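**Q** protein_9.txt is the file, holding compact mmCIF, C-alpha atoms and all ligand atoms:
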```txt
# COMPACT_ATOMS: atom_id res chain seq x y z
CA MET R 282 47.06 211.57 109.81
CA LYS R 283 45.05 208.80 108.17
CA ALA R 284 44.26 205.72 110.24
CA ALA R 285 42.16 202.61 109.66
CA ILE R 286 39.98 202.51 112.75
CA LEU R 287 37.81 199.61 113.89
CA VAL R 288 34.70 201.57 114.85
CA GLU R 289 32.66 198.51 115.80
CA PRO R 290 32.78 194.84 114.79
CA LYS R 291 32.85 194.42 111.01
CA ARG R 292 33.35 198.14 110.33
CA ILE R 293 36.69 199.80 109.64
CA GLU R 294 36.68 203.46 108.68
CA ILE R 295 39.55 205.55 107.38
CA ARG R 296 39.62 208.49 109.79
CA GLU R 297 41.81 211.51 110.51
CA ILE R 298 43.41 211.20 113.93
CA SER R 299 46.25 213.13 115.55
CA ALA R 300 49.72 211.77 114.85
CA PRO R 301 51.53 210.10 117.76
CA ARG R 302 54.52 211.80 119.43
CA VAL R 303 57.67 209.81 119.68
CA GLY R 304 58.59 209.07 123.30
CA LYS R 305 61.83 208.28 125.06
CA GLY R 306 63.43 205.13 123.69
CA GLU R 307 60.96 204.96 120.80
CA VAL R 308 61.09 205.50 117.05
CA LEU R 309 58.39 206.93 114.80
CA ILE R 310 57.68 204.77 111.75
CA LYS R 311 55.87 205.57 108.51
CA PRO R 312 54.51 202.26 107.18
CA ALA R 313 54.80 201.34 103.50
CA ARG R 314 52.71 198.18 103.72
CA PHE R 315 50.80 196.08 106.20
CA GLY R 316 49.94 192.43 106.68
CA VAL R 317 46.51 191.29 107.80
CA CYS R 318 46.68 188.62 110.50
CA GLY R 319 44.28 186.17 112.13
CA SER R 320 44.24 188.21 115.32
CA ASP R 321 43.16 191.31 113.35
CA VAL R 322 40.34 189.14 112.00
CA SER R 323 39.19 188.05 115.46
CA PHE R 324 38.96 191.72 116.51
CA TYR R 325 37.22 192.58 113.25
CA LEU R 326 34.62 189.86 113.81
CA GLY R 327 34.13 190.89 117.45
CA HIS R 328 35.38 187.54 118.79
CA ARG R 329 37.94 189.61 120.66
CA VAL R 330 36.56 192.84 122.03
CA ALA R 331 38.55 196.04 121.66
CA PRO R 332 37.98 199.43 123.29
CA TYR R 333 36.24 200.95 120.22
CA PRO R 334 37.23 202.95 118.30
CA PHE R 335 40.42 200.89 118.09
CA LEU R 336 43.46 201.07 115.83
CA LEU R 337 44.33 197.55 114.66
CA GLY R 338 47.47 196.17 113.05
CA HIS R 339 50.83 194.72 114.03
CA GLU R 340 52.48 193.57 110.79
CA THR R 341 54.24 196.31 108.87
CA VAL R 342 57.36 197.39 107.01
CA GLY R 343 58.17 201.09 106.79
CA HIS R 344 60.71 203.84 107.32
CA ILE R 345 61.88 205.65 110.42
CA THR R 346 60.80 209.30 110.44
CA ALA R 347 61.83 210.39 113.96
CA LEU R 348 63.95 209.19 116.85
CA GLY R 349 62.98 209.53 120.49
CA GLU R 350 65.30 210.63 123.25
CA GLY R 351 68.14 208.18 123.86
CA VAL R 352 67.78 206.24 120.59
CA THR R 353 71.24 206.02 119.06
CA ASN R 354 71.20 202.77 117.08
CA PHE R 355 68.87 203.95 114.28
CA GLU R 356 68.85 206.69 111.69
CA ILE R 357 66.01 208.58 110.07
CA GLY R 358 65.08 207.01 106.73
CA GLN R 359 66.06 203.46 107.64
CA ARG R 360 63.74 200.69 106.50
CA VAL R 361 62.47 198.63 109.42
CA ILE R 362 60.03 196.01 110.65
CA VAL R 363 58.66 195.70 114.16
CA GLU R 364 58.59 192.74 116.51
CA PRO R 365 55.12 193.68 117.77
CA ASN R 366 55.08 191.89 121.14
CA TYR R 367 56.82 193.73 123.95
CA PRO R 368 57.56 191.52 127.00
CA CYS R 369 58.36 193.47 130.18
CA GLY R 370 61.89 192.10 130.49
CA ALA R 371 61.65 192.11 134.29
CA CYS R 372 59.27 189.34 135.40
CA ALA R 373 60.34 185.80 136.30
CA PHE R 374 59.33 184.48 132.86
CA CYS R 375 61.25 187.17 131.00
CA ARG R 376 64.30 186.61 133.17
CA ALA R 377 64.08 182.88 132.37
CA GLY R 378 64.09 183.65 128.64
CA ARG R 379 60.35 183.04 128.24
CA GLY R 380 59.21 186.55 127.32
CA ASN R 381 56.67 185.09 124.89
CA ILE R 382 54.47 184.15 127.87
CA CYS R 383 55.21 187.32 129.88
CA PRO R 384 51.97 188.26 131.70
CA ASN R 385 52.85 191.97 131.38
CA LYS R 386 53.51 191.76 127.65
CA GLN R 387 52.12 194.55 125.49
CA ALA R 388 51.10 193.72 121.94
CA LEU R 389 50.81 196.27 119.14
CA GLY R 390 47.26 196.40 117.79
CA VAL R 391 46.07 194.01 120.50
CA THR R 392 46.64 195.49 123.97
CA ILE R 393 47.79 198.91 122.67
CA PRO R 394 46.82 200.86 119.51
CA GLY R 395 48.28 199.33 116.35
CA CYS R 396 50.03 200.36 113.17
CA PHE R 397 47.29 200.62 110.48
CA ALA R 398 47.99 204.35 110.06
CA ASP R 399 50.22 206.98 108.45
CA SER R 400 52.61 206.63 111.36
CA PHE R 401 53.00 204.89 114.71
CA THR R 402 55.61 204.55 117.44
CA ALA R 403 57.44 201.47 118.66
CA PRO R 404 60.12 200.89 121.31
CA ALA R 405 63.52 200.88 119.56
CA GLU R 406 64.35 197.61 121.31
CA PHE R 407 61.68 195.86 119.21
CA VAL R 408 62.50 197.51 115.88
CA TRP R 409 64.62 195.65 113.32
CA ARG R 410 66.50 197.11 110.39
CA VAL R 411 65.65 195.37 107.10
CA PRO R 412 68.79 194.45 105.11
CA ASP R 413 68.84 195.75 101.50
CA GLU R 414 68.74 192.15 100.20
CA ILE R 415 65.20 191.74 101.54
CA SER R 416 62.34 193.18 99.47
CA ASP R 417 59.34 194.89 101.07
CA ALA R 418 57.28 191.95 99.79
CA ASP R 419 59.31 189.48 101.88
CA ALA R 420 59.84 191.87 104.81
CA ILE R 421 56.12 192.17 105.49
CA VAL R 422 55.88 188.40 106.06
CA ILE R 423 58.85 188.10 108.45
CA GLU R 424 56.75 188.46 111.62
CA PRO R 425 54.34 185.61 110.79
CA LEU R 426 57.30 183.56 109.55
CA ALA R 427 58.89 183.96 112.99
CA VAL R 428 55.72 182.47 114.53
CA SER R 429 55.97 179.40 112.28
CA LEU R 430 59.71 178.96 112.71
CA HIS R 431 59.44 179.22 116.50
CA ALA R 432 56.97 176.32 116.42
CA LEU R 433 59.19 174.30 114.11
CA TRP R 434 62.30 174.95 116.22
CA HIS R 435 60.47 173.91 119.40
CA SER R 436 59.08 170.75 117.85
CA ARG R 437 60.80 167.38 117.58
CA ALA R 438 60.80 167.44 113.77
CA HIS R 439 64.14 166.31 112.34
CA ILE R 440 65.53 166.11 108.82
CA GLY R 441 63.86 163.23 107.00
CA ASP R 442 60.82 163.10 109.31
CA THR R 443 57.27 163.37 108.08
CA VAL R 444 55.06 165.90 109.84
CA ALA R 445 51.42 166.85 109.36
CA VAL R 446 50.18 170.45 109.14
CA ILE R 447 46.49 171.09 109.78
CA GLY R 448 45.34 174.48 108.50
CA CYS R 449 47.05 176.12 105.54
CA GLY R 450 46.61 179.77 106.42
CA ALA R 451 49.68 181.98 106.70
CA THR R 452 51.08 180.12 109.72
CA GLY R 453 50.61 176.68 108.18
CA LEU R 454 51.95 177.69 104.77
CA LEU R 455 55.03 179.36 106.23
CA LEU R 456 55.62 176.33 108.42
CA ILE R 457 55.42 174.12 105.33
CA GLN R 458 57.90 176.30 103.43
CA ALA R 459 60.38 176.26 106.31
CA ALA R 460 59.98 172.55 107.07
CA VAL R 461 60.47 171.54 103.44
CA ALA R 462 63.54 173.80 103.20
CA GLN R 463 65.17 171.90 106.05
CA GLY R 464 64.45 168.44 104.68
CA VAL R 465 61.26 167.61 106.54
CA ARG R 466 58.44 165.95 104.57
CA VAL R 467 55.03 167.53 105.08
CA LEU R 468 51.46 166.25 104.73
CA ALA R 469 49.12 169.26 104.41
CA HIS R 470 45.46 169.39 105.43
CA ASP R 471 42.89 172.11 104.83
CA LYS R 472 39.24 172.30 103.83
CA PHE R 473 39.90 174.74 100.96
CA ALA R 474 41.28 173.43 97.66
CA ASP R 475 43.04 176.74 96.86
CA LYS R 476 45.04 176.58 100.06
CA LEU R 477 45.96 172.97 99.47
CA ALA R 478 47.18 173.98 96.03
CA MET R 479 49.43 176.60 97.65
CA ALA R 480 50.66 174.03 100.17
CA ARG R 481 51.52 171.70 97.29
CA LYS R 482 53.37 174.49 95.49
CA LEU R 483 55.46 175.01 98.63
CA GLY R 484 56.47 171.34 98.63
CA ALA R 485 53.87 169.67 100.84
CA ARG R 486 52.06 166.48 99.88
CA VAL R 487 48.28 166.50 99.83
CA VAL R 488 46.70 163.06 100.28
CA GLU R 489 42.95 162.49 100.24
CA SER R 490 41.88 160.25 103.11
CA ASP R 491 38.76 159.50 105.16
CA ASP R 492 40.92 158.00 107.86
CA ILE R 493 43.51 160.58 108.91
CA ALA R 494 44.74 158.48 111.85
CA LYS R 495 45.56 155.61 109.51
CA LEU R 496 47.18 157.93 106.96
CA TRP R 497 49.43 159.46 109.61
CA ARG R 498 50.30 156.02 111.02
CA ASP R 499 51.13 154.69 107.56
CA GLU R 500 53.24 157.76 106.79
CA ASN R 501 55.08 157.62 110.14
CA VAL R 502 54.07 161.15 111.11
CA THR R 503 56.20 162.22 114.08
CA VAL R 504 54.80 165.72 114.67
CA VAL R 505 51.32 167.16 114.08
CA PHE R 506 51.13 170.96 113.84
CA GLU R 507 47.65 172.33 114.54
CA CYS R 508 47.52 175.74 112.84
CA ALA R 509 43.79 176.11 112.19
CA GLY R 510 42.72 176.93 115.73
CA ALA R 511 39.26 175.35 115.56
CA THR R 512 37.70 172.83 117.95
CA ALA R 513 37.34 170.16 115.25
CA THR R 514 40.95 170.45 114.09
CA VAL R 515 42.37 170.43 117.63
CA GLU R 516 40.29 167.31 118.35
CA LEU R 517 41.51 165.74 115.11
CA ALA R 518 45.14 166.42 116.04
CA LEU R 519 44.71 164.93 119.53
CA SER R 520 42.70 161.89 118.44
CA ALA R 521 44.66 160.97 115.30
CA ALA R 522 48.27 161.74 116.30
CA PRO R 523 50.24 158.47 115.97
CA ARG R 524 51.74 156.58 118.89
CA GLY R 525 54.88 158.30 120.18
CA SER R 526 54.27 161.49 118.23
CA GLN R 527 54.12 165.11 119.30
CA VAL R 528 51.24 167.54 118.83
CA VAL R 529 52.16 171.23 118.56
CA LEU R 530 49.22 173.58 119.09
CA ILE R 531 49.75 176.94 117.36
CA GLY R 532 46.18 177.93 116.39
CA LEU R 533 44.52 180.31 118.84
CA SER R 534 41.21 178.73 119.73
CA SER R 535 39.46 179.74 122.96
CA ALA R 536 36.70 177.15 122.50
CA PRO R 537 36.91 173.94 124.57
CA ALA R 538 38.10 170.81 122.79
CA SER R 539 37.87 167.29 124.16
CA PHE R 540 40.35 164.46 124.12
CA VAL R 541 40.83 161.06 125.73
CA PRO R 542 43.58 161.37 128.35
CA LEU R 543 44.21 157.62 128.41
CA ARG R 544 45.11 157.61 124.72
CA LEU R 545 47.66 160.38 125.12
CA VAL R 546 49.14 158.71 128.21
CA ARG R 547 49.17 155.15 126.93
CA GLU R 548 50.45 156.01 123.46
CA GLY R 549 53.06 158.47 124.66
CA ILE R 550 51.77 161.53 122.85
CA ASP R 551 53.31 164.82 123.90
CA VAL R 552 51.31 168.01 123.52
CA ILE R 553 52.95 171.43 123.54
CA GLY R 554 51.75 174.93 122.73
CA SER R 555 53.86 177.35 120.71
CA LEU R 556 53.22 181.05 121.13
CA ILE R 557 54.81 183.77 118.97
CA TYR R 558 58.62 183.89 119.29
CA ASP R 559 61.56 184.49 121.62
CA HIS R 560 62.92 188.01 121.89
CA PRO R 561 65.38 188.87 120.46
CA ALA R 562 66.81 185.56 119.20
CA ASP R 563 64.08 184.48 116.80
CA PHE R 564 63.80 187.66 114.71
CA ALA R 565 67.57 187.74 114.24
CA ARG R 566 67.56 184.16 112.93
CA VAL R 567 64.52 184.66 110.70
CA ILE R 568 65.85 187.87 109.14
CA ALA R 569 69.12 186.06 108.35
CA LEU R 570 67.26 183.19 106.64
CA VAL R 571 65.26 185.56 104.47
CA LYS R 572 68.30 187.73 103.69
CA GLU R 573 70.20 184.70 102.41
CA GLY R 574 67.25 183.65 100.27
CA THR R 575 66.77 180.36 102.14
CA LEU R 576 63.12 181.29 102.63
CA ARG R 577 60.92 183.45 100.40
CA PRO R 578 57.89 184.13 102.62
CA SER R 579 56.26 186.47 100.06
CA GLN R 580 55.22 183.31 98.18
CA ILE R 581 52.21 183.02 100.49
CA VAL R 582 50.81 186.47 99.61
CA THR R 583 47.62 186.04 97.58
CA ASP R 584 46.00 189.50 97.68
CA THR R 585 47.28 193.08 97.76
CA LEU R 586 44.83 195.91 98.45
CA SER R 587 45.15 199.66 98.95
CA PHE R 588 44.93 201.34 102.36
CA ASP R 589 41.53 202.84 101.58
CA ALA R 590 40.25 199.28 101.08
CA MET R 591 41.30 198.12 104.57
CA ASP R 592 37.73 197.14 105.45
CA ARG R 593 37.55 194.99 102.32
CA ALA R 594 40.93 193.44 103.18
CA LEU R 595 39.61 192.39 106.59
CA GLN R 596 36.37 191.14 105.07
CA LEU R 597 38.35 189.07 102.61
CA ALA R 598 40.44 187.66 105.46
CA THR R 599 37.29 186.49 107.29
CA THR R 600 36.51 184.03 104.48
CA GLY R 601 39.63 182.06 105.43
CA GLN R 602 40.21 181.26 101.77
CA SER R 603 43.17 183.56 101.09
CA GLY R 604 46.84 183.21 101.92
CA LYS R 605 48.49 186.34 103.34
CA ILE R 606 46.62 189.56 102.54
CA VAL R 607 48.80 192.66 102.19
CA VAL R 608 47.69 196.30 102.24
CA THR R 609 49.83 199.05 100.71
CA MET R 610 50.00 202.63 101.95
ZN ZN R 701 50.23 188.50 113.14
ZN ZN R 702 57.85 189.83 131.64
```
Turn this file's structure into structure tokens for me.
**A**
Amino acid sequence: MKAAILVEPKRIEIREISAPRVGKGEVLIKPARFGVCGSDVSFYLGHRVAPYPFLLGHETVGHITALGEGVTNFEIGQRVIVEPNYPCGACAFCRAGRGNICPNKQALGVTIPGCFADSFTAPAEFVWRVPDEISDADAIVIEPLAVSLHALWHSRAHIGDTVAVIGCGATGLLLIQAAVAQGVRVLAHDKFADKLAMARKLGARVVESDDIAKLWRDENVTVVFECAGATATVELALSAAPRGSQVVLIGLSSAPASFVPLRLVREGIDVIGSLIYDHPADFARVIALVKEGTLRPSQIVTDTLSFDAMDRALQLATTGQSGKIVVTM
């Protein structure tokens, strides 16, 4: 079968590899389209090191082509998406309902080979049927939408509040769409004009300011969502967040960032991290919201490329100037 293999940093080749065999409790899926994500980009750039040659990819919508032993809740031909993080279900964190931080968690295309191929297997427990009301175009963006909604649900943002979103990539844009839909006002920040234009289209306000701290104070910002994952933006969030506000870190930056502890303590600023989503509650809620048409996550898709152009899709993603990039099989 055809697979898009990361041979070394900055080089993806379409190669023939042997098709996977479906194991006990698994389903075999033939993808129809893929989403390119920030974590694919960090592998592509070599910021995260993979055991080369490595099969990337964790965002997909496709059809079931085979059922493993013991799988009774799916049928061949059904259209599905995958929740691509597999917590162990047995550790203390999983038992406490915190599978998103499970230390034994496996992640498709991150800790195990991914889905950028003609077919791949996934545990049936993490496979979700896509209702007919949801198009492939929206289905492919459900996984990243779950990341944004998880952050929003865990934040203190309430109807009528004003929040700030730093970084208008897929996570930031989806967060804006969801926040606006539930009556939260959003101030959007990004260094690229195109992404700010998308943020505006999704209902955010874009205000030019040299003094972000003052802007946020004047606007009564109650929550700052850091979605860019860069040192400068994390430092901005922690230094400019208004008195009594909350900072939600979603961006995945492994570089150190500095802050003044006294300011956070004295001004009562809470800092939380938000990682992926809760299994299985979040996917169920997100699929329902998209099915009902409350959210249309496909609005953030800016580029669609063919499978043979996977390397170009990743290259394009490294510029940071696109919204969601989709690849079709
Ligand atoms: Zn992703
Ligand atoms: Zn666990």
**Q** Given all atoms listed in the file as the basis, pick out the residue of R:Met591, R:Ala459, R:Cys372, R:Ala284 nearest to ligand ZN 702 (chain R).
**A**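 Residue with the minimum atom-to-atom distance to ligand ZN 702 (chain R): R:Cys372.
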**Q** Of the candidates R:Pro578, R:Gly453, R:Pro412, R:Gly484, which one gets nearest to Val529 in chain R if we count all atoms listed in the file?
**A**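 Distance minimum relative to Val529 in chain R lands on R:Gly453.
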**Q** Please compute the CA of Cys396 in chain R-CA of Arg314 in chain R distance, one decimal, in Å.
**A**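 These atoms are spaced 10.1 Å apart.
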**Q** Which chains and residue numbers are within 7 Å of ligand ZN 701 (chain R), counting only C-alpha atoms and all ligand atoms, if I want them as a ChimeraX atom specification?
**A** /R:318-320,339-340,424-425
**Q** Can you work out which one of R:Ala522, R:Leu336, R:Ala377, R:Val444 has the shortest atom-to-atom distance to ligand ZN 702 (chain R), counting only C-alpha atoms and all ligand atoms?
**A**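 Among the listed residues, the smallest separation from ligand ZN 702 (chain R) belongs to R:Ala377.
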**Q** Neighbourhood query: residues within 9 Å of (39.2, 177.2, 122.8), file coordinates, counting all atoms listed in the file; return as a compact mmCIF listing (two decimals) with C-alpha atoms, in the coordinates of the input.
**A**
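Output file result-v3.txt follows:
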```
# COMPACT_ATOMS: atom_id res chain seq x y z
CA GLY R 510 42.72 176.93 115.73
CA ALA R 511 39.26 175.35 115.56
CA THR R 512 37.70 172.83 117.95
CA LEU R 533 44.52 180.31 118.84
CA SER R 534 41.21 178.73 119.73
CA SER R 535 39.46 179.74 122.96
CA ALA R 536 36.70 177.15 122.50
CA PRO R 537 36.91 173.94 124.57
CA ALA R 538 38.10 170.81 122.79
```
**Q** Which residues of chain R come within 10 Å of ligand ZN 702 (chain R), and for each one, what is the closest pair of atoms and their distance in Å to one decimal, counting only C-alpha atoms and all ligand atoms, sorted by chain and residue number, as CSV?
**A**
```
residue,atom,partner,partner_atom,distance
R:Tyr367,CA,R:ZN702,ZN,8.7
R:Pro368,CA,R:ZN702,ZN,4.9
R:Cys369,CA,R:ZN702,ZN,4.0
R:Gly370,CA,R:ZN702,ZN,4.8
R:Ala371,CA,R:ZN702,ZN,5.2
R:Cys372,CA,R:ZN702,ZN,4.0
R:Ala373,CA,R:ZN702,ZN,6.6
R:Phe374,CA,R:ZN702,ZN,5.7
R:Cys375,CA,R:ZN702,ZN,4.4
R:Arg376,CA,R:ZN702,ZN,7.4
R:Ala377,CA,R:ZN702,ZN,9.4
R:Gly378,CA,R:ZN702,ZN,9.3
R:Arg379,CA,R:ZN702,ZN,8.0
R:Gly380,CA,R:ZN702,ZN,5.6
R:Asn381,CA,R:ZN702,ZN,8.3
R:Ile382,CA,R:ZN702,ZN,7.6
R:Cys383,CA,R:ZN702,ZN,4.0
R:Pro384,CA,R:ZN702,ZN,6.1
R:Asn385,CA,R:ZN702,ZN,5.4
R:Lys386,CA,R:ZN702,ZN,6.2
R:Gln387,CA,R:ZN702,ZN,9.6
```
**Q** Can you spit out the residues from that selection as an mmCIF file, keeping the file's coordinate frame, using C-alpha atoms?
**A**
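Output file out38.cif is given in full below:
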```cif
data_model
loop_
_atom_site.group_PDB
_atom_site.id
_atom_site.type_symbol
_atom_site.label_atom_id
_atom_site.label_comp_id
_atom_site.auth_asym_id
_atom_site.auth_seq_id
_atom_site.Cartn_x
_atom_site.Cartn_y
_atom_site.Cartn_z
ATOM 1 C CA TYR R 367 56.820 193.730 123.950
ATOM 2 C CA PRO R 368 57.560 191.520 127.000
ATOM 3 C CA CYS R 369 58.360 193.470 130.180
ATOM 4 C CA GLY R 370 61.890 192.100 130.490
ATOM 5 C CA ALA R 371 61.650 192.110 134.290
ATOM 6 C CA CYS R 372 59.270 189.340 135.400
ATOM 7 C CA ALA R 373 60.340 185.800 136.300
ATOM 8 C CA PHE R 374 59.330 184.480 132.860
ATOM 9 C CA CYS R 375 61.250 187.170 131.000
ATOM 10 C CA ARG R 376 64.300 186.610 133.170
ATOM 11 C CA ALA R 377 64.080 182.880 132.370
ATOM 12 C CA GLY R 378 64.090 183.650 128.640
ATOM 13 C CA ARG R 379 60.350 183.040 128.240
ATOM 14 C CA GLY R 380 59.210 186.550 127.320
ATOM 15 C CA ASN R 381 56.670 185.090 124.890
ATOM 16 C CA ILE R 382 54.470 184.150 127.870
ATOM 17 C CA CYS R 383 55.210 187.320 129.880
ATOM 18 C CA PRO R 384 51.970 188.260 131.700
ATOM 19 C CA ASN R 385 52.850 191.970 131.380
ATOM 20 C CA LYS R 386 53.510 191.760 127.650
ATOM 21 C CA GLN R 387 52.120 194.550 125.490
#
```
**Q** To one decimal place, how far is CA of Ala460 in chain R from CA of Val608 in chain R in Å?
**A**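 That distance, rounded to one decimal, is 27.2 Å.
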**Q** For range 601-603 of chain R, work out the shell of residues within 8 Å, counting only C-alpha atoms and skipping chain neighbours fewer than 2 positions away, then give it as a list in words.
**A**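 The contact residues come out as Gly450, Phe473, Asp475, Lys476, Thr583, Asp584, Leu597, Ala598, Thr599, Lys605 and Ile606 of chain R.
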**Q** For the selection just defined, write its residues with C-alpha atoms to a file, as a short mmCIF file (atom, residue, chain, number, x, y, z; two decimals), keeping the file's coordinate frame.
**A**
```
data_model
loop_
_atom_site.label_atom_id
_atom_site.label_comp_id
_atom_site.auth_asym_id
_atom_site.auth_seq_id
_atom_site.Cartn_x
_atom_site.Cartn_y
_atom_site.Cartn_z
CA GLY R 450 46.61 179.77 106.42
CA PHE R 473 39.90 174.74 100.96
CA ASP R 475 43.04 176.74 96.86
CA LYS R 476 45.04 176.58 100.06
CA THR R 583 47.62 186.04 97.58
CA ASP R 584 46.00 189.50 97.68
CA LEU R 597 38.35 189.07 102.61
CA ALA R 598 40.44 187.66 105.46
CA THR R 599 37.29 186.49 107.29
CA LYS R 605 48.49 186.34 103.34
CA ILE R 606 46.62 189.56 102.54
#
```
**Q** Measuring atom to atom with all atoms listed in the file, identify which of R:Arg296, R:Lys291, R:Arg360, R:Arg302 is nearest to Ala347 in chain R.
**A**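 Once distances to Ala347 in chain R are computed over all atoms listed in the file, the minimum belongs to R:Arg302.
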**Q** Suppose you want the space between CA of Val505 in chain R and CA of Leu454 in chain R; what is it in Å?
**A**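 These two atoms are separated by 14.1 Å.
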**Q** List as an MDAnalysis selection string: which residues have an atom within 12 Å of (37.5, 189.7, 114.0), counting all atoms listed in the file?
**A** chainID R and resid 287 289:293 317:331 337:338 391 592 594:601
**Q** Please determine, counting only C-alpha atoms, which residue among R:Leu477, R:Val467, R:Ile457, R:Val428 has the shortest atom-to-atom distance to Arg577 in chain R.
**A**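 Answer, going by the shortest atom-to-atom distance: R:Ile457.
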**Q** Have a look at R:Asp442, R:Asp563, R:Glu350, R:Asp413 and name the one nearest to Val502 in chain R; count all atoms listed in the file.
**A**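 Comparing R:Asp442, R:Asp563, R:Glu350, R:Asp413 against Val502 in chain R, the winner is R:Asp442.
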**Q** Give me the residues within 9 Å of Gly554 in chain R as a PyMOL selection string, counting only C-alpha atoms and dropping any in the same chain fewer than 5 places off.
**A** chain R and resi 432+528-532
**Q** List the neighbours of Glu573 in chain R out to 12 Å using only C-alpha atoms; skip same-chain residues closer than 5 positions along the sequence, and give me the result as a PyMOL selection string.
**A** chain R and resi 412-416+419+566-568
**Q** Set the distance at 8 Å and use all atoms listed in the file: which residues neighbour Ser429 in chain R once local chain neighbours fewer than 6 positions away are removed? I'd like the list as number ranges by chain.
**A** R: 452-453, 455-456
